[in-house]
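Below is one structure; the comments refer to it alone.
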Amino acid sequence: MKKRFSIRWWYPLAAAVLLAIVALVRQSTAVQTAAPAVPPVLVIDAGHGGADGGASAADGTLESDINLDVALRLEALARFWGAETVMTRTGQDIAYPSDADTIAEKKIADQHARVGLANNTPGAVLVSIHQNNYPAASPHGIQVFYGSAAGSGELAELAQTNLTALLCPDNRRMAAAADKGIYLMKNANCTAVLVECGFLSNPGDLEKLQDGGYRMKLAAVLLGSYLQYIRGAAT
Ligand SMILES: [Zn+2]
C-alpha cells in the first residue's frame with residue numbers, strides 16, 4: 001500500500017470527487033456571514049498504528065493500514081481544496097516515550113499524545129478514522145460516533161447522512177454518541193467524530209475497503225461533510 005499520494009496518478013478521479021464535494025457543500029443551506037474567530041483546522045486521526053494494528057480481517061488486512069490510507073487521501077484532498085490539516089500520524093511507525101514498555105503502555109501514551117495534539121490545535125475539528133469488526137460476518141455499514149464537545153453531534157449527523165446517501169444507501173446505522181470508554185472521543189475538547197467506515201468482518205465491506213477508488217470516495221465525502229460543517233459553524 002502506498003504511503004503517500006501525489007495528485008497526478010489519481011487526477012481524473014480527484015476531479016470527479018472534487019465535483020462531488022462541491023455539490024455537497026452547495027447543498028448546505030447555511031449562509032456564511034462572518035469568519036469564525038479561530039480558523040478551523042481539520043485534525044485527521046488515522047486510528048491505531050505502531051504497535052497497535054487495530055482489528056484485522058480474515059485475510060490479514062489490518063485496520064491500521066486502511067485507516068492510514070483513508071487519512072492520507074483525506075489529507076491530500078483537503079490540501080488540494082486549501083483546507084488546513086494536522087495529522088496525528090502519517091506512517092505506520094509511532095514514536096513512543098522511552099518509559100512505555102508494554103503494548104498497553106504504548107497505546108495509552110499514544111492516545112494521550114493524540115488528545116494533546118487535538119486539544120492544543122486552535123480551531124481543531126477532529127475526524128478519527130477506524131474500521132469496525134464483529135465476530136459474525138453479517139453486520140456491515142458505516143457508522144459515525146461523536147464526542148461530547150460542541151458541534152460534534154452536528155458534524156456526525158452531516159457525515160452519517162452524506163456517507164449513507166452517497167456510499168451505502170441501504171445503511172440503517174445512525175450517528176450515535178461515542179462510548180465513554182473511547183479515550184479520544186471522551187477527552188477531546190474540540191468538535192470530534194469517529195468514523196467506522198465499514199466492517200472488516202463483512203466480506204462485502206472488506207471488498208469495498210480494499211479498493212482505492214472506494215477509499216477515495218470515503219475521503220471525499222468526509223471532506224465534503226467537514227466543509228459543510230465549518231460553513232455552518234461560521235454563521
Ligand atoms: Zn479502530
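Order determines the names: the first chain of the C-alpha cells is A, the second B, and so forth; residues in each chain are numbered 1 upward, and ligands are numbered 1 upward as they are shown.
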
Per residue of chain A within 7 Å of ligand 1, which atom pair is closest and at what distance in Å (one decimal), using only C-alpha atoms and all ligand atoms, listed by chain and increasing number, as a Markdown table?
| residue | atom | partner | partner_atom_place_in_ligand_line | distance |
| --- | --- | --- | --- | --- |
| A:Gly47 | CA | ligand 1 | 1 (Zn) | 5.5 |
| A:His48 | CA | ligand 1 | 1 (Zn) | 6.3 |
| A:Gly54 | CA | ligand 1 | 1 (Zn) | 5.3 |
| A:Ala55 | CA | ligand 1 | 1 (Zn) | 6.4 |
| A:Glu63 | CA | ligand 1 | 1 (Zn) | 6.6 |
| A:His130 | CA | ligand 1 | 1 (Zn) | 4.3 |
| A:Gln131 | CA | ligand 1 | 1 (Zn) | 5.4 |
| A:Asn132 | CA | ligand 1 | 1 (Zn) | 6.5 |

### Task
Please identify which residues in segment 102-209 of chain A DSSP calls strand (DSSP E or B) from the backbone, and express them as a ChimeraX atom specification.
/A:124-132,143-146,176-177,191-199

#### Entry: Which residue of A:Gly116, A:Gly212, A:Pro203, A:Pro169 approaches Asn189 of chain A most closely, using only C-alpha atoms
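Ranked by minimum distance to Asn189 of chain A, first place goes to A:Gly116.
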
#### Entry: Pick from A:Leu194, A:Leu68, A:Cys168, A:Gly50 nearest to Ala95 of chain A, counting only C-alpha atoms
A:Gly50

### Nearest candidate to Ala104 of chain A (options A:Ala159, A:Ala51, A:Ala71, A:Ala76; using only C-alpha atoms)
A:Ala51

## Note on the structure
Nearest to Gly151 of chain A, restricted to only C-alpha atoms and choosing among A:Ser201, A:Gly82, A:Arg215, A:Gly232, comes out as A:Gly232

### Exercise: Gln228 of chain A partners within 8 Å, only C-alpha atoms, chain neighbours under 2 positions left out, as a list of chain:residue names
A:Leu24, A:Val25, A:Ser28, A:Leu158, A:Gly224, A:Ser225, A:Tyr226, A:Ile230, A:Arg231, A:Gly232

### Task
Please identify all polymer residues within 9 Å of Leu206 of chain A, counting only C-alpha atoms, omitting same-chain residues fewer than 6 positions from it, and present them as a ChimeraX atom specification.
/A:57,61,198-200

### Task
Tell me, in Å to one decimal, how far atom CA of Ala175 of chain A is from atom CA of Val144 of chain A.
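Taking atom CA of Ala175 of chain A as the start and atom CA of Val144 of chain A as the end point, the length is 4.9 Å.
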